[in-house]
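Peer 1: Contents of query.txt (compact mmCIF, C-alpha atoms) are below:
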# COMPACT_ATOMS: atom_id res chain seq x y z
CA MET A 1 -22.08 2.36 5.29
CA ALA A 2 -20.14 2.59 2.06
CA LYS A 3 -19.13 6.02 0.89
CA LYS A 4 -19.16 6.41 -2.87
CA SER A 5 -16.29 8.40 -4.26
CA THR A 6 -17.08 12.00 -5.19
CA ILE A 7 -13.66 12.97 -6.54
CA GLN A 8 -13.36 14.52 -9.98
CA VAL A 9 -11.37 11.63 -11.38
CA GLU A 10 -10.03 13.33 -14.50
CA LYS A 11 -8.83 16.38 -12.60
CA VAL A 12 -7.45 14.30 -9.73
CA ASN A 13 -5.57 12.16 -12.24
CA GLU A 14 -4.06 15.25 -13.86
CA HIS A 15 -3.20 16.76 -10.48
CA ILE A 16 -1.32 13.68 -9.26
CA VAL A 17 0.53 13.20 -12.55
CA ASN A 18 1.66 16.84 -12.50
CA TRP A 19 2.68 16.51 -8.86
CA LEU A 20 4.81 13.48 -9.66
CA LYS A 21 6.43 15.20 -12.63
CA GLU A 22 7.24 18.31 -10.61
CA TYR A 23 8.64 16.29 -7.71
CA ALA A 24 10.83 14.12 -9.94
CA THR A 25 12.12 17.15 -11.81
CA ALA A 26 12.95 19.01 -8.59
CA ALA A 27 14.62 15.92 -7.14
CA LYS A 28 16.65 15.47 -10.34
CA VAL A 29 15.85 11.77 -10.58
CA ASN A 30 15.59 9.66 -13.71
CA GLY A 31 12.28 7.89 -13.14
CA PHE A 32 10.11 5.78 -10.84
CA VAL A 33 10.01 2.26 -9.41
CA VAL A 34 6.74 0.60 -8.40
CA GLY A 35 6.25 -2.85 -6.93
CA ILE A 36 3.37 -4.60 -8.71
CA SER A 37 1.21 -6.84 -6.52
CA GLY A 38 -1.83 -7.53 -8.67
CA GLY A 39 -3.93 -5.21 -6.51
CA VAL A 40 -5.77 -2.00 -7.31
CA ASP A 41 -3.43 0.33 -5.40
CA SER A 42 -0.26 -0.65 -7.24
CA ALA A 43 -2.13 -0.75 -10.55
CA VAL A 44 -3.44 2.80 -10.13
CA THR A 45 -0.12 4.10 -8.80
CA SER A 46 1.91 2.63 -11.66
CA THR A 47 -0.54 3.98 -14.24
CA LEU A 48 -0.24 7.45 -12.73
CA CYS A 49 3.56 7.19 -12.89
CA ALA A 50 3.47 5.98 -16.49
CA GLN A 51 1.54 9.09 -17.50
CA THR A 52 4.39 11.37 -16.35
CA GLY A 53 6.56 10.41 -19.31
CA PHE A 54 9.42 9.56 -16.93
CA PRO A 55 10.80 6.02 -17.16
CA LEU A 56 8.82 3.62 -14.99
CA LEU A 57 10.17 0.28 -13.83
CA CYS A 58 7.49 -2.19 -12.71
CA ILE A 59 8.87 -4.91 -10.47
CA GLU A 60 7.27 -8.24 -9.61
CA MET A 61 8.65 -9.71 -6.38
CA PRO A 62 7.00 -13.09 -5.75
CA ILE A 63 7.51 -14.90 -2.47
CA HIS A 64 5.44 -18.11 -2.62
CA GLN A 65 2.86 -15.93 -4.38
CA ASP A 66 -0.66 -17.02 -5.23
CA SER A 67 -0.86 -17.62 -8.98
CA LYS A 68 -3.96 -15.43 -9.30
CA GLN A 69 -2.09 -12.45 -7.83
CA VAL A 70 0.86 -13.09 -10.14
CA ASN A 71 -1.36 -13.33 -13.20
CA ARG A 72 -3.24 -10.14 -12.36
CA GLY A 73 0.02 -8.28 -11.89
CA ARG A 74 1.42 -9.53 -15.20
CA ASP A 75 -1.79 -8.67 -17.04
CA HIS A 76 -1.56 -5.15 -15.69
CA ILE A 77 2.07 -4.70 -16.71
CA ASN A 78 1.30 -6.07 -20.16
CA GLN A 79 -1.47 -3.52 -20.51
CA LEU A 80 0.77 -0.70 -19.29
CA GLN A 81 3.53 -1.57 -21.74
CA ALA A 82 1.01 -1.66 -24.56
CA ARG A 83 -0.17 1.82 -23.63
CA PHE A 84 3.08 3.54 -22.61
CA SER A 85 6.51 3.30 -24.23
CA ASN A 86 8.29 4.47 -21.06
CA VAL A 87 7.36 1.37 -19.04
CA SER A 88 9.84 -1.46 -18.44
CA ARG A 89 9.60 -4.50 -16.23
CA THR A 90 11.65 -6.97 -14.26
CA GLU A 91 11.03 -9.83 -11.86
CA SER A 92 12.98 -10.52 -8.70
CA ASP A 93 11.99 -13.92 -7.32
CA LEU A 94 12.59 -13.48 -3.60
CA THR A 95 11.40 -16.93 -2.55
CA PRO A 96 14.93 -18.42 -2.19
CA THR A 97 16.10 -15.33 -0.26
CA TYR A 98 13.10 -15.52 2.03
CA GLU A 99 13.61 -19.24 2.69
CA GLN A 100 17.29 -18.73 3.45
CA PHE A 101 16.38 -15.93 5.86
CA LYS A 102 13.89 -18.23 7.64
CA GLU A 103 16.55 -20.90 8.06
CA THR A 104 18.87 -18.51 9.90
CA MET A 105 16.18 -17.20 12.28
CA PRO A 106 14.90 -18.83 15.49
CA VAL A 107 11.34 -20.19 15.50
CA SER A 108 9.14 -18.44 18.06
CA ALA A 109 6.88 -20.42 20.37
CA ASN A 110 4.26 -17.74 19.80
CA GLU A 111 2.84 -18.97 16.50
CA LYS A 112 0.82 -15.82 15.77
CA LYS A 113 3.76 -13.48 16.30
CA TYR A 114 6.06 -15.83 14.39
CA HIS A 115 3.90 -15.82 11.26
CA LEU A 116 3.29 -12.07 11.51
CA SER A 117 7.05 -11.45 11.75
CA LEU A 118 7.59 -13.59 8.66
CA ALA A 119 4.84 -11.70 6.80
CA ASN A 120 6.50 -8.40 7.66
CA THR A 121 9.83 -9.86 6.56
CA ARG A 122 8.36 -10.44 3.09
CA ALA A 123 7.38 -6.78 2.88
CA ARG A 124 10.81 -5.63 4.04
CA LEU A 125 12.62 -7.86 1.55
CA ARG A 126 10.51 -6.27 -1.18
CA MET A 127 11.31 -2.77 0.08
CA THR A 128 15.03 -3.59 -0.03
CA THR A 129 14.63 -4.90 -3.58
CA LEU A 130 12.80 -1.77 -4.74
CA TYR A 131 15.52 0.46 -3.31
CA TYR A 132 18.24 -1.61 -4.94
CA HIS A 133 16.68 -1.14 -8.36
CA ALA A 134 15.97 2.51 -7.63
CA GLY A 135 19.55 3.05 -6.52
CA ILE A 136 21.21 1.64 -9.62
CA SER A 137 18.89 3.58 -11.92
CA GLY A 138 18.53 6.87 -10.07
CA TYR A 139 14.78 6.35 -9.59
CA LEU A 140 12.31 7.13 -6.82
CA VAL A 141 10.49 4.35 -4.95
CA VAL A 142 6.79 5.10 -5.21
CA GLY A 143 4.43 4.09 -2.42
CA THR A 144 1.07 2.48 -3.13
CA GLY A 145 -0.71 3.04 0.20
CA ASN A 146 -4.08 4.79 0.35
CA LYS A 147 -5.48 7.07 3.07
CA VAL A 148 -7.43 4.42 4.98
CA GLU A 149 -4.44 2.09 5.14
CA ASP A 150 -1.76 4.70 5.82
CA PHE A 151 -3.54 7.11 8.17
CA GLY A 152 -6.67 5.26 9.28
CA VAL A 153 -5.81 1.76 10.46
CA GLY A 154 -2.06 1.62 9.72
CA PHE A 155 -2.41 -1.51 7.62
CA TYR A 156 1.10 -1.73 6.25
CA THR A 157 4.54 -2.87 7.32
CA LYS A 158 6.80 -0.28 8.91
CA TYR A 159 9.95 -0.09 6.73
CA GLY A 160 8.28 -2.53 4.35
CA ASP A 161 5.61 -1.21 2.02
CA GLY A 162 5.71 1.86 4.28
CA GLY A 163 9.32 2.55 3.22
CA VAL A 164 8.98 4.78 0.16
CA ASP A 165 10.11 8.10 -1.32
CA VAL A 166 6.75 9.47 -2.46
CA SER A 167 3.10 8.55 -1.84
CA PRO A 168 0.90 9.79 -4.66
CA ILE A 169 -2.39 8.15 -3.58
CA ALA A 170 -2.05 8.45 0.21
CA ASP A 171 -4.66 11.24 0.33
CA LEU A 172 -7.22 9.12 -1.51
CA MET A 173 -9.76 6.89 0.21
CA LYS A 174 -10.00 3.31 -1.06
CA SER A 175 -13.25 4.16 -2.86
CA ASP A 176 -11.40 7.02 -4.59
CA VAL A 177 -8.68 4.62 -5.72
CA TYR A 178 -11.28 2.33 -7.25
CA ALA A 179 -12.94 5.29 -9.00
CA LEU A 180 -9.57 6.34 -10.39
CA GLY A 181 -8.86 2.74 -11.41
CA GLU A 182 -12.06 2.62 -13.42
CA PHE A 183 -11.20 5.93 -15.09
CA LEU A 184 -7.71 4.65 -15.91
CA LYS A 185 -9.14 1.41 -17.29
CA ILE A 186 -6.95 -0.91 -15.27
CA PRO A 187 -7.80 -4.61 -15.81
CA GLU A 188 -11.25 -5.59 -14.60
CA SER A 189 -9.78 -8.65 -12.89
CA ILE A 190 -7.96 -6.28 -10.53
CA LEU A 191 -10.98 -4.07 -9.90
CA LEU A 192 -13.09 -7.11 -9.00
CA ALA A 193 -10.51 -8.96 -6.90
CA ALA A 194 -10.81 -8.97 -3.11
CA PRO A 195 -8.00 -6.81 -1.66
CA THR A 196 -5.16 -8.79 -0.10
CA ASP A 197 -1.64 -7.96 1.05
CA GLY A 198 -0.42 -11.39 -0.12
CA LEU A 199 2.05 -11.63 2.76
CA PHE A 200 0.95 -14.95 4.22
CA GLY A 201 1.07 -17.19 1.18
CA ASP A 202 -2.59 -18.14 1.46
CA SER A 203 -5.97 -16.82 0.33
CA ARG A 204 -6.73 -14.54 3.28
CA THR A 205 -8.03 -11.11 2.33
CA ASP A 206 -7.47 -7.72 3.93
CA GLU A 207 -11.00 -7.94 5.33
CA ASP A 208 -10.18 -11.30 6.92
CA GLN A 209 -7.25 -9.68 8.72
CA LEU A 210 -8.88 -6.39 9.63
CA GLY A 211 -12.32 -7.67 10.58
CA ALA A 212 -14.06 -5.07 8.42
CA SER A 213 -14.23 -4.10 4.77
CA TYR A 214 -12.57 -0.99 3.37
CA ASP A 215 -16.01 0.53 2.79
CA GLU A 216 -16.77 0.06 6.49
CA LEU A 217 -13.39 1.37 7.64
CA GLU A 218 -13.68 4.36 5.34
CA TRP A 219 -17.05 5.12 6.92
CA ALA A 220 -15.55 4.79 10.42
CA MET A 221 -12.62 7.04 9.57
CA LEU A 222 -14.95 9.78 8.34
CA GLU A 223 -17.14 9.44 11.43
CA ALA A 224 -14.09 9.63 13.71
CA GLU A 225 -12.96 12.79 11.91
CA LYS A 226 -16.36 14.30 12.78
CA GLY A 227 -15.68 13.63 16.46
CA ARG A 228 -18.19 10.79 16.80
CA LYS A 229 -17.80 8.33 19.68
CA LEU A 230 -18.46 4.61 20.08
CA LYS A 231 -21.57 5.32 22.19
CA ASP A 232 -23.13 7.00 19.12
CA PHE A 233 -23.45 3.67 17.30
CA SER A 234 -25.02 0.25 17.73
CA GLU A 235 -24.83 -3.23 16.22
CA ARG A 236 -22.49 -3.60 13.22
CA ASN A 237 -21.69 0.12 13.13
CA ALA A 238 -20.44 -0.04 16.71
CA ILE A 239 -18.33 -3.12 15.95
CA VAL A 240 -16.71 -1.46 12.93
CA PHE A 241 -16.13 1.79 14.78
CA GLU A 242 -14.44 -0.11 17.62
CA ILE A 243 -12.24 -1.99 15.14
CA TYR A 244 -11.21 1.28 13.49
CA ASN A 245 -10.40 3.01 16.79
CA ARG A 246 -8.46 0.01 18.09
CA LEU A 247 -6.31 -0.29 14.97
CA ASN A 248 -5.83 3.46 14.67
CA SER A 249 -4.59 3.63 18.26
CA ALA A 250 -2.39 0.51 18.08
CA ASN A 251 -0.70 1.65 14.87
CA GLN A 252 0.02 5.26 15.74
CA HIS A 253 3.69 4.29 15.98
CA LYS A 254 3.63 3.85 12.20
CA MET A 255 1.90 7.16 11.50
CA GLN A 256 3.86 9.45 13.81
CA PRO A 257 7.49 10.59 13.40
CA ILE A 258 10.13 8.48 15.13
CA PRO A 259 10.30 9.57 18.80
CA ILE A 260 13.49 11.46 19.58
CA CYS A 261 14.84 11.75 23.09
CA LYS A 262 15.60 15.47 23.43
CA ILE A 263 18.52 16.36 25.71
CA PRO A 264 17.74 19.32 28.00
CA LYS A 265 19.94 22.38 27.48
CA VAL A 266 21.19 22.15 31.07
CA LEU A 267 22.70 18.74 30.25
CA GLN A 268 24.49 19.88 27.11
For the file at hand, write its structure as structure tokens.

Peer 2:
Amino acid sequence: MAKKSTIQVEKVNEHIVNWLKEYATAAKVNGFVVGISGGVDSAVTSTLCAQTGFPLLCIEMPIHQDSKQVNRGRDHINQLQARFSNVSRTESDLTPTYEQFKETMPVSANEKKYHLSLANTRARLRMTTLYYHAGISGYLVVGTGNKVEDFGVGFYTKYGDGGVDVSPIADLMKSDVYALGEFLKIPESILLAAPTDGLFGDSRTDEDQLGASYDELEWAMLEAEKGRKLKDFSERNAIVFEIYNRLNSANQHKMQPIPICKIPKVLQ
């Protein structure tokens, strides 16, 4: 099922770096802000930003974070700073803020929705933190979402990690991100780690939440773009294709512009 990346990594790298430089220059901003999670998407995105020559601020924002994620993120920032003189770092420990927020909110009887709301709250606290740092420095907040997450299954938090100024890797499949990560020589510990959003404070992976791997979802997305239907598949392929279609449909509200109620001319 897995689709191996066929992108020309060196040329894609150069294209994205030039795109970022041109956008930042046109926007008259001073640099970039990237939240570092210890995952491949933020590692690749921050490395792309570092190559622009613009100042890059890497921000760690732990909220009851797994130590392995924290260590991977710090290893990556250490490597970036050793390679690029324009990279700085800071840490905003959001755990006390998150706990205080929880104390002021009612507890829902629906346990699943309660924990999902808290997970999304973590992402939104981080978005607010990124924009604070961006605001005081005149930087752009850079998104780390890839194509499968952003436009396939909508696996992100609206106005959380989905709240950004630019999205340099959002036209790359997950396999493309890994290929670019290998080319950019990001830490092997990140390339080998199971993807996780880290929003629940436990060891659950993205695959645990989605019910399918990114390789499988990438396959399903490409098949859906060809116009294939569920009846065309059987066994595991059918299960994955159903998962993809269900998530794609349920999360269209994230992918489409905010609905606007248009007032008819006769009422104006």

Peer 1: Quick one: residues within 10 Å of segment 218-233 of chain A, only C-alpha atoms, excluding same-chain residues fewer than 5 positions away - as a ChimeraX atom specification?

Peer 2: /A:1-3,147-149,151-153,173-175,212-213,238-245,248

Peer 1: Quick one: everything within 10 Å of segment 9-26 of chain A, counting all atoms listed in the file, minus sequence neighbours fewer than 2 positions away in the same chain. Send it as a ChimeraX atom specification.

Peer 2: /A:5-7,28-32,44-45,47-54,139-140,142,166-169,172,176-177,179-184

Peer 1: Out of A:Met255, A:Val141, A:Glu111, A:Gln69, which residue has the shortest atom-to-atom distance to Ser203 of chain A when counting only C-alpha atoms?

Peer 2: A:Gln69

Peer 1: Using only C-alpha atoms, pick whichever of A:Leu247, A:Thr97, A:His64, A:Leu56 has the shortest atom-to-atom distance to Gln81 of chain A.

Peer 2: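 Closest to Gln81 of chain A, using only C-alpha atoms: A:Leu56.
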
Peer 1: Quote the spacing between atom CA of Gly201 of chain A and atom CA of Gly35 of chain A in Å to one decimal place.

Peer 2: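 Going from atom CA of Gly201 of chain A over to atom CA of Gly35 of chain A covers 17.3 Å.
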
Peer 1: Could you check how far atom CA of Ser37 of chain A sits from atom CA of Arg126 of chain A, in Å to one decimal?

Peer 2: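 Atom-to-atom, atom CA of Ser37 of chain A to atom CA of Arg126 of chain A, that is 10.7 Å.
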